Amino acid sequence: MLGARCLLRALRSCSTASCPRPRASVRLSVRDALRSPGASGERVKVQGWVRSTRSQKEVLFLHINDGSSLESLQVVADSSFDDRELTFGSSVEVHGQLVKSPAKRQNVELKAEKIEVIGNCDAKEFPIKYKERHPLEYLRQYPHLRCRTNVLSSILRVRSEATAAIHSFFKDNGFVHIHTPIITSNDCEGAGELFHVQPLNKINVPEEKFFNVPAFLTVSGQLHLEVMAGAFTQVFTFGPTFRAENSQSRRHLAEFYMVEAEISFTETLQDLMQVMEELFKATTMMILSNCPEDVALCHKYIAPGQKDRLENMLKNNFLTISYTEAVEILKQASQNFTFTPEWGADLQTEHEKYLVQHCGNIPVFVINYPLALKPFYMRDNEDGPQHTVLVAPTCNPAFSEC
């Protein structure tokens with residue numbers, strides 16, 4: 001009887017006492033794992049896609065990437081982990097310890113204790129091949145897979161960082177973010193290059209309108225922002241914009257994202273240009289600071305020389321010239337232009353490029369355009385026979401676009 005009581009007491013004590021449990025693995029992105037200070041021996045879990053495999057007699061090497069970094073994380077495992085399913089492109093989950101890497105090119109590596117294949121990939125059928133630099137024309141055939149390549153993933157990370165930088169700049173400077181409508185009844189630019197919106201079942205019945213008025217995909221949120229500027233002194237929008245320009249070029253996109261801002265009670269055009277310059281520089285600085293590897297890849301393979309132009313832009317103040325001064329500079333140029341520069345004619349791409357080069361590859365504000373070249377809402381300078389409007393398009397050396 002006494003023995004039974006002692007046994008029962010022992011069972012109760014064991015059931016109520018806190019028993020030690022194995023420590024769970026900390027989930028890390030590849031980027032965070034690569035930034036780990038060193039051989040902490042921390043048990044971690046990393047998930048991603050296999051970029052390369054290399055099997056030796058006693059050791060298996062994997063490189064895992066999850067899109068958070070251009071660089072992949074090296075995984076070192078016992079050769080017993082070698083599996084036919086561990087192929088290029090397969091998705092995996094790796095548990096193990098972060099240890100200091102003996103290799104010079106990397107700070108840490110993951111010593112695998114468990115490797116689980118989440119999704120198989122037939123490397124022979126997979127259209128993206130290891131160590132091949134596929135042309136962009138080829139990658140366009142596989143929009144669901146091309147983001148796994150170094151070039152496209154770098155571009156998307158840079159774009160993500162630029163988006164965050166733009167929002168951060170406006171928030172830090174007291175702007176209110178406005179979501180302007182995508183479907184609208186107004187043609188802000190007045191150019192008539194609009195996508196008409198109506199239900200599919202009403203196409204054959206044009207007299208029946210879903211919105212009671214003609215509706216279009218937005219070409220600009222500016223008119224909506226101007227309404228909001230009557231209640232908020234500083235507003236901005238950053239969203240999709242659509243243009244029905246039937247042109248196959250990177251300068252004429254059917255859909256793109258555009259930043260627009262409005263400021264109430266501003267005194268001069270210089271105030272607006274200052275905000276534009278600070279936005280350009282703040283965004284560029286954040287991209288160069290937070291995406292150095294991605295910028296270096298783009299600089300090497302996509303846009304050679306652009307990084308140098310951006311760094312030069314950061315060191316100098318933007319220049320300001322009038323439209324009239326710009327036309328005079330173009331007329332005095334020794335270069336022969338396809339479109340002859342004349343007062344009253346719009347500046348073409350070749351003119352913008354020359355102006356940027358003439359001004360030392362620094363962004364240039366061209367102000368006071370002829371009234372006939374700009375939309376109706378531009379402020380009239382009331383300056384006599386020339387009749388110009390208060391506007392400040394920017395010629396940028398990184399894009400050479402005004």
# chains A, B, ... in the order shown; residues from 1 in each chain; ligands from 1
call {"tool": "select_by_dssp", "arguments": {"residues": "range 302-373 of chain A", "states": "strand (DSSP E or B)", "output": "ChimeraX atom specification"}}
result
/A:319-322,364-367,369-370
call {"tool": "write_last_selection", "arguments": {"atoms": "N, CA and C atoms", "output": "mmCIF file, in the first residue's frame"}}
result
data_model
loop_
_atom_site.group_PDB
_atom_site.id
_atom_site.type_symbol
_atom_site.label_atom_id
_atom_site.label_comp_id
_atom_site.auth_asym_id
_atom_site.auth_seq_id
_atom_site.Cartn_x
_atom_site.Cartn_y
_atom_site.Cartn_z
ATOM 1 N N LEU A 319 19.991 71.223 -62.139
ATOM 2 C CA LEU A 319 20.032 72.520 -62.831
ATOM 3 C C LEU A 319 18.639 72.916 -63.318
ATOM 4 N N THR A 320 18.451 74.205 -63.498
ATOM 5 C CA THR A 320 17.171 74.721 -63.990
ATOM 6 C C THR A 320 17.424 75.653 -65.172
ATOM 7 N N ILE A 321 16.766 75.374 -66.298
ATOM 8 C CA ILE A 321 16.826 76.264 -67.460
ATOM 9 C C ILE A 321 15.406 76.419 -67.994
ATOM 10 N N SER A 322 15.170 77.506 -68.713
ATOM 11 C CA SER A 322 13.850 77.714 -69.308
ATOM 12 C C SER A 322 13.752 76.951 -70.628
ATOM 13 N N VAL A 364 18.102 67.950 -65.226
ATOM 14 C CA VAL A 364 17.815 69.337 -65.607
ATOM 15 C C VAL A 364 16.301 69.570 -65.566
ATOM 16 N N PHE A 365 15.886 70.593 -64.833
ATOM 17 C CA PHE A 365 14.498 71.048 -64.878
ATOM 18 C C PHE A 365 14.370 72.028 -66.043
ATOM 19 N N VAL A 366 13.434 71.757 -66.948
ATOM 20 C CA VAL A 366 13.145 72.687 -68.048
ATOM 21 C C VAL A 366 11.798 73.323 -67.741
ATOM 22 N N ILE A 367 11.804 74.626 -67.448
ATOM 23 C CA ILE A 367 10.591 75.305 -66.979
ATOM 24 C C ILE A 367 10.021 76.215 -68.061
ATOM 25 N N TYR A 369 7.199 76.088 -70.307
ATOM 26 C CA TYR A 369 6.906 75.544 -71.637
ATOM 27 C C TYR A 369 5.818 76.374 -72.328
ATOM 28 N N PRO A 370 5.765 76.305 -73.666
ATOM 29 C CA PRO A 370 4.657 76.954 -74.380
ATOM 30 C C PRO A 370 3.309 76.384 -73.949
#
call {"tool": "residues_around", "arguments": {"residues": "Glu109 in chain A", "least_positions_apart": "5", "cutoff": "7 Å", "atoms": "only C-alpha atoms", "output": "JSON, numbers by chain"}}
result
{"A": [73, 74, 75, 98, 99, 100, 101]}
call {"tool": "residues_around", "arguments": {"residues": "Gln141 in chain A", "least_positions_apart": "5", "cutoff": "10 Å", "atoms": "only C-alpha atoms", "output": "list in words"}}
result
Pro127, Leu136 and Arg146 of chain A
call {"tool": "write_last_selection", "arguments": {"atoms": "N, CA, C and O atoms", "output": "PDB file, in the first residue's frame"}}
result
ATOM      1  N   PRO A 127      12.683  24.799 -67.667  1.00  0.00           N
ATOM      2  CA  PRO A 127      13.172  25.646 -68.773  1.00  0.00           C
ATOM      3  C   PRO A 127      14.358  26.528 -68.425  1.00  0.00           C
ATOM      4  O   PRO A 127      15.069  26.990 -69.310  1.00  0.00           O
ATOM      5  N   LEU A 136      16.605  37.833 -72.232  1.00  0.00           N
ATOM      6  CA  LEU A 136      15.308  38.281 -71.715  1.00  0.00           C
ATOM      7  C   LEU A 136      14.166  37.845 -72.621  1.00  0.00           C
ATOM      8  O   LEU A 136      13.054  37.574 -72.149  1.00  0.00           O
ATOM      9  N   ARG A 146      10.465  33.200 -64.478  1.00  0.00           N
ATOM     10  CA  ARG A 146      11.602  34.078 -64.767  1.00  0.00           C
ATOM     11  C   ARG A 146      12.076  34.867 -63.540  1.00  0.00           C
ATOM     12  O   ARG A 146      13.218  35.295 -63.473  1.00  0.00           O
TER      13      ARG A 146
END
call {"tool": "atom_distance", "arguments": {"atom1": "CA of Met378 in chain A", "atom2": "CA of Leu272 in chain A"}}
result
13.8 Å
call {"tool": "residues_around", "arguments": {"residues": "Val59 in chain A", "least_positions_apart": "4", "cutoff": "7 Å", "atoms": "only C-alpha atoms", "output": "ChimeraX atom specification"}}
result
/A:55,76-79
call {"tool": "residues_around", "arguments": {"residues": "Lys307 in chain A", "least_positions_apart": "6", "cutoff": "8 Å", "atoms": "only C-alpha atoms", "output": "PyMOL selection string"}}
result
chain A and resi 295-296+299
call {"tool": "closest_residue", "arguments": {"among": "A:Val227, A:His358, A:Ala392, A:Glu311", "to": "Gln270 in chain A", "atoms": "only C-alpha atoms"}}
result
A:Ala392
call {"tool": "select_by_dssp", "arguments": {"residues": "range 274-376 of chain A", "states": "alpha helix (DSSP H)", "output": "count of residues only"}}
result
56
call {"tool": "residues_around", "arguments": {"residues": "His224 in chain A", "least_positions_apart": "4", "cutoff": "12 Å", "atoms": "only C-alpha atoms", "output": "PyMOL selection string"}}
result
chain A and resi 178-188+218-220+228-231+235-237+260-262
call {"tool": "write_last_selection", "arguments": {"atoms": "N, CA and C atoms", "output": "mmCIF file, in the first residue's frame"}}
result
data_model
loop_
_atom_site.group_PDB
_atom_site.id
_atom_site.type_symbol
_atom_site.label_atom_id
_atom_site.label_comp_id
_atom_site.auth_asym_id
_atom_site.auth_seq_id
_atom_site.Cartn_x
_atom_site.Cartn_y
_atom_site.Cartn_z
ATOM 1 N N ILE A 178 -3.027 59.163 -50.802
ATOM 2 C CA ILE A 178 -4.389 59.079 -51.317
ATOM 3 C C ILE A 178 -4.458 57.974 -52.358
ATOM 4 N N HIS A 179 -5.457 57.090 -52.225
ATOM 5 C CA HIS A 179 -5.689 56.059 -53.244
ATOM 6 C C HIS A 179 -6.671 56.617 -54.267
ATOM 7 N N THR A 180 -6.158 57.100 -55.366
ATOM 8 C CA THR A 180 -7.020 57.642 -56.416
ATOM 9 C C THR A 180 -7.626 56.492 -57.217
ATOM 10 N N PRO A 181 -8.831 56.680 -57.776
ATOM 11 C CA PRO A 181 -9.519 55.572 -58.459
ATOM 12 C C PRO A 181 -8.811 55.133 -59.736
ATOM 13 N N ILE A 182 -8.897 53.842 -60.004
ATOM 14 C CA ILE A 182 -8.343 53.291 -61.247
ATOM 15 C C ILE A 182 -9.355 53.428 -62.376
ATOM 16 N N ILE A 183 -10.628 53.214 -62.062
ATOM 17 C CA ILE A 183 -11.699 53.433 -63.051
ATOM 18 C C ILE A 183 -12.250 54.836 -62.834
ATOM 19 N N THR A 184 -12.245 55.645 -63.874
ATOM 20 C CA THR A 184 -12.639 57.048 -63.734
ATOM 21 C C THR A 184 -13.378 57.516 -64.981
ATOM 22 N N SER A 185 -14.098 58.615 -64.833
ATOM 23 C CA SER A 185 -14.826 59.178 -65.979
ATOM 24 C C SER A 185 -14.080 60.338 -66.612
ATOM 25 N N ASN A 186 -12.931 60.744 -66.025
ATOM 26 C CA ASN A 186 -12.239 61.916 -66.582
ATOM 27 C C ASN A 186 -11.007 61.521 -67.383
ATOM 28 N N ASP A 187 -10.681 62.342 -68.336
ATOM 29 C CA ASP A 187 -9.467 62.192 -69.137
ATOM 30 C C ASP A 187 -8.521 63.309 -68.711
ATOM 31 N N CYS A 188 -7.689 63.023 -67.742
ATOM 32 C CA CYS A 188 -6.870 64.071 -67.125
ATOM 33 C C CYS A 188 -5.938 64.745 -68.121
ATOM 34 N N THR A 218 -7.582 54.904 -65.586
ATOM 35 C CA THR A 218 -6.984 56.212 -65.317
ATOM 36 C C THR A 218 -5.675 56.432 -66.074
ATOM 37 N N VAL A 219 -5.481 57.646 -66.541
ATOM 38 C CA VAL A 219 -4.195 58.050 -67.119
ATOM 39 C C VAL A 219 -3.408 58.895 -66.134
ATOM 40 N N SER A 220 -4.084 59.372 -65.087
ATOM 41 C CA SER A 220 -3.434 60.182 -64.059
ATOM 42 C C SER A 220 -4.401 60.388 -62.904
ATOM 43 N N MET A 228 -8.307 66.643 -53.225
ATOM 44 C CA MET A 228 -7.843 66.329 -51.869
ATOM 45 C C MET A 228 -6.947 67.434 -51.309
ATOM 46 N N ALA A 229 -6.250 68.139 -52.192
ATOM 47 C CA ALA A 229 -5.381 69.231 -51.742
ATOM 48 C C ALA A 229 -6.185 70.401 -51.189
ATOM 49 N N GLY A 230 -7.513 70.349 -51.347
ATOM 50 C CA GLY A 230 -8.364 71.356 -50.733
ATOM 51 C C GLY A 230 -8.671 71.055 -49.280
ATOM 52 N N ALA A 231 -8.225 69.876 -48.810
ATOM 53 C CA ALA A 231 -8.447 69.507 -47.410
ATOM 54 C C ALA A 231 -7.151 69.121 -46.707
ATOM 55 N N VAL A 235 -0.376 66.018 -50.367
ATOM 56 C CA VAL A 235 -0.920 64.700 -50.702
ATOM 57 C C VAL A 235 -0.100 64.082 -51.821
ATOM 58 N N PHE A 236 -0.147 62.744 -51.889
ATOM 59 C CA PHE A 236 0.509 62.053 -53.004
ATOM 60 C C PHE A 236 -0.229 60.763 -53.295
ATOM 61 N N THR A 237 -0.038 60.247 -54.496
ATOM 62 C CA THR A 237 -0.549 58.942 -54.877
ATOM 63 C C THR A 237 0.533 58.213 -55.653
ATOM 64 N N GLU A 260 2.621 60.850 -58.134
ATOM 65 C CA GLU A 260 2.085 62.196 -58.317
ATOM 66 C C GLU A 260 1.865 62.827 -56.945
ATOM 67 N N ALA A 261 2.088 64.122 -56.855
ATOM 68 C CA ALA A 261 1.935 64.818 -55.575
ATOM 69 C C ALA A 261 1.363 66.214 -55.801
ATOM 70 N N GLU A 262 0.690 66.719 -54.796
ATOM 71 C CA GLU A 262 0.150 68.074 -54.818
ATOM 72 C C GLU A 262 0.459 68.741 -53.480
#
call {"tool": "residues_around", "arguments": {"residues": "Asn107 in chain A", "least_positions_apart": "3", "cutoff": "10 Å", "atoms": "only C-alpha atoms", "output": "PDB file with N, CA, C and O atoms, in the first residue's frame"}}
result
ATOM      1  N   ALA A  33      20.314  34.932 -42.680  1.00  0.00           N
ATOM      2  CA  ALA A  33      21.311  33.913 -42.361  1.00  0.00           C
ATOM      3  C   ALA A  33      22.699  34.355 -42.818  1.00  0.00           C
ATOM      4  O   ALA A  33      23.682  34.199 -42.086  1.00  0.00           O
ATOM      5  N   LEU A  34      22.783  34.945 -44.010  1.00  0.00           N
ATOM      6  CA  LEU A  34      24.075  35.407 -44.520  1.00  0.00           C
ATOM      7  C   LEU A  34      24.629  36.559 -43.692  1.00  0.00           C
ATOM      8  O   LEU A  34      25.848  36.751 -43.631  1.00  0.00           O
ATOM      9  N   ARG A  35      23.737  37.328 -43.064  1.00  0.00           N
ATOM     10  CA  ARG A  35      24.179  38.462 -42.245  1.00  0.00           C
ATOM     11  C   ARG A  35      24.450  38.067 -40.790  1.00  0.00           C
ATOM     12  O   ARG A  35      24.783  38.920 -39.975  1.00  0.00           O
ATOM     13  N   SER A  36      24.290  36.804 -40.480  1.00  0.00           N
ATOM     14  CA  SER A  36      24.551  36.347 -39.118  1.00  0.00           C
ATOM     15  C   SER A  36      26.001  36.626 -38.748  1.00  0.00           C
ATOM     16  O   SER A  36      26.908  36.470 -39.569  1.00  0.00           O
ATOM     17  N   PRO A  37      26.256  37.060 -37.513  1.00  0.00           N
ATOM     18  CA  PRO A  37      27.611  37.477 -37.130  1.00  0.00           C
ATOM     19  C   PRO A  37      28.666  36.391 -37.235  1.00  0.00           C
ATOM     20  O   PRO A  37      29.847  36.683 -37.331  1.00  0.00           O
ATOM     21  N   GLY A  38      28.283  35.119 -37.220  1.00  0.00           N
ATOM     22  CA  GLY A  38      29.320  34.094 -37.336  1.00  0.00           C
ATOM     23  C   GLY A  38      28.899  32.774 -36.772  1.00  0.00           C
ATOM     24  O   GLY A  38      27.726  32.397 -36.796  1.00  0.00           O
ATOM     25  N   ALA A  39      29.856  32.033 -36.236  1.00  0.00           N
ATOM     26  CA  ALA A  39      29.630  30.655 -35.794  1.00  0.00           C
ATOM     27  C   ALA A  39      28.913  30.635 -34.454  1.00  0.00           C
ATOM     28  O   ALA A  39      29.493  30.322 -33.418  1.00  0.00           O
ATOM     29  N   LEU A  73      22.657  30.768 -49.932  1.00  0.00           N
ATOM     30  CA  LEU A  73      23.249  30.221 -48.720  1.00  0.00           C
ATOM     31  C   LEU A  73      23.772  28.815 -49.005  1.00  0.00           C
ATOM     32  O   LEU A  73      23.038  27.974 -49.543  1.00  0.00           O
ATOM     33  N   VAL A  99      27.142  27.820 -38.946  1.00  0.00           N
ATOM     34  CA  VAL A  99      28.535  27.740 -38.495  1.00  0.00           C
ATOM     35  C   VAL A  99      29.396  28.623 -39.374  1.00  0.00           C
ATOM     36  O   VAL A  99      29.015  28.988 -40.492  1.00  0.00           O
ATOM     37  N   LYS A 100      30.561  28.958 -38.882  1.00  0.00           N
ATOM     38  CA  LYS A 100      31.497  29.779 -39.646  1.00  0.00           C
ATOM     39  C   LYS A 100      31.998  28.974 -40.844  1.00  0.00           C
ATOM     40  O   LYS A 100      32.348  27.804 -40.717  1.00  0.00           O
ATOM     41  N   SER A 101      32.012  29.614 -41.994  1.00  0.00           N
ATOM     42  CA  SER A 101      32.435  28.931 -43.207  1.00  0.00           C
ATOM     43  C   SER A 101      33.938  29.071 -43.412  1.00  0.00           C
ATOM     44  O   SER A 101      34.498  30.167 -43.244  1.00  0.00           O
ATOM     45  N   PRO A 102      34.613  27.987 -43.793  1.00  0.00           N
ATOM     46  CA  PRO A 102      36.045  28.090 -44.085  1.00  0.00           C
ATOM     47  C   PRO A 102      36.334  28.786 -45.414  1.00  0.00           C
ATOM     48  O   PRO A 102      37.457  29.209 -45.666  1.00  0.00           O
ATOM     49  N   ALA A 103      35.319  28.905 -46.256  1.00  0.00           N
ATOM     50  CA  ALA A 103      35.508  29.557 -47.555  1.00  0.00           C
ATOM     51  C   ALA A 103      35.647  31.064 -47.385  1.00  0.00           C
ATOM     52  O   ALA A 103      35.060  31.666 -46.489  1.00  0.00           O
ATOM     53  N   LYS A 104      36.408  31.704 -48.262  1.00  0.00           N
ATOM     54  CA  LYS A 104      36.679  33.137 -48.159  1.00  0.00           C
ATOM     55  C   LYS A 104      35.508  33.984 -48.651  1.00  0.00           C
ATOM     56  O   LYS A 104      35.340  35.124 -48.245  1.00  0.00           O
TER      57      LYS A 104
END
call {"tool": "closest_residue", "arguments": {"among": "A:Lys131, A:Lys353, A:His63, A:His196", "to": "Ser91 in chain A", "atoms": "only C-alpha atoms"}}
result
A:His63
call {"tool": "decode", "arguments": {"residues": "range 143-194 of chain A", "atoms": "C-alpha atoms", "output": "JSON list (two decimals), in the first residue's frame"}}
result
[["chain", "number", "residue", "atom", "x", "y", "z"],
["A", 143, "PRO", "CA", 6.53, 34.64, -66.75],
["A", 144, "HIS", "CA", 5.79, 32.27, -63.84],
["A", 145, "LEU", "CA", 9.44, 31.19, -63.54],
["A", 146, "ARG", "CA", 11.60, 34.08, -64.77],
["A", 147, "CYS", "CA", 11.57, 35.77, -61.35],
["A", 148, "ARG", "CA", 13.87, 32.97, -60.13],
["A", 149, "THR", "CA", 16.72, 34.23, -62.32],
["A", 150, "ASN", "CA", 19.33, 36.58, -60.93],
["A", 151, "VAL", "CA", 18.51, 39.43, -63.31],
["A", 152, "LEU", "CA", 14.75, 39.50, -62.78],
["A", 153, "SER", "CA", 14.96, 38.90, -59.03],
["A", 154, "SER", "CA", 17.46, 41.76, -58.70],
["A", 155, "ILE", "CA", 15.22, 44.11, -60.67],
["A", 156, "LEU", "CA", 12.22, 43.21, -58.52],
["A", 157, "ARG", "CA", 14.16, 43.73, -55.27],
["A", 158, "VAL", "CA", 15.36, 47.14, -56.50],
["A", 159, "ARG", "CA", 11.80, 48.04, -57.49],
["A", 160, "SER", "CA", 10.52, 46.95, -54.07],
["A", 161, "GLU", "CA", 13.17, 49.06, -52.32],
["A", 162, "ALA", "CA", 12.36, 52.06, -54.53],
["A", 163, "THR", "CA", 8.66, 51.74, -53.71],
["A", 164, "ALA", "CA", 9.39, 51.61, -49.98],
["A", 165, "ALA", "CA", 11.76, 54.59, -50.29],
["A", 166, "ILE", "CA", 9.14, 56.70, -52.09],
["A", 167, "HIS", "CA", 6.48, 55.99, -49.46],
["A", 168, "SER", "CA", 8.99, 56.59, -46.67],
["A", 169, "PHE", "CA", 10.03, 59.96, -48.14],
["A", 170, "PHE", "CA", 6.48, 61.26, -48.40],
["A", 171, "LYS", "CA", 5.52, 59.99, -44.97],
["A", 172, "ASP", "CA", 8.59, 61.54, -43.34],
["A", 173, "ASN", "CA", 7.75, 64.87, -45.01],
["A", 174, "GLY", "CA", 4.15, 64.97, -43.84],
["A", 175, "PHE", "CA", 2.31, 63.91, -47.02],
["A", 176, "VAL", "CA", -0.99, 62.03, -46.88],
["A", 177, "HIS", "CA", -1.24, 59.00, -49.17],
["A", 178, "ILE", "CA", -4.39, 59.08, -51.32],
["A", 179, "HIS", "CA", -5.69, 56.06, -53.24],
["A", 180, "THR", "CA", -7.02, 57.64, -56.42],
["A", 181, "PRO", "CA", -9.52, 55.57, -58.46],
["A", 182, "ILE", "CA", -8.34, 53.29, -61.25],
["A", 183, "ILE", "CA", -11.70, 53.43, -63.05],
["A", 184, "THR", "CA", -12.64, 57.05, -63.73],
["A", 185, "SER", "CA", -14.83, 59.18, -65.98],
["A", 186, "ASN", "CA", -12.24, 61.92, -66.58],
["A", 187, "ASP", "CA", -9.47, 62.19, -69.14],
["A", 188, "CYS", "CA", -6.87, 64.07, -67.12],
["A", 189, "GLU", "CA", -4.33, 64.52, -69.91],
["A", 190, "GLY", "CA", -6.86, 65.39, -72.59],
["A", 191, "ALA", "CA", -4.97, 63.32, -75.16],
["A", 192, "GLY", "CA", -7.70, 60.78, -75.83],
["A", 193, "GLU", "CA", -5.35, 57.79, -75.34],
["A", 194, "LEU", "CA", -7.70, 55.91, -73.00]]
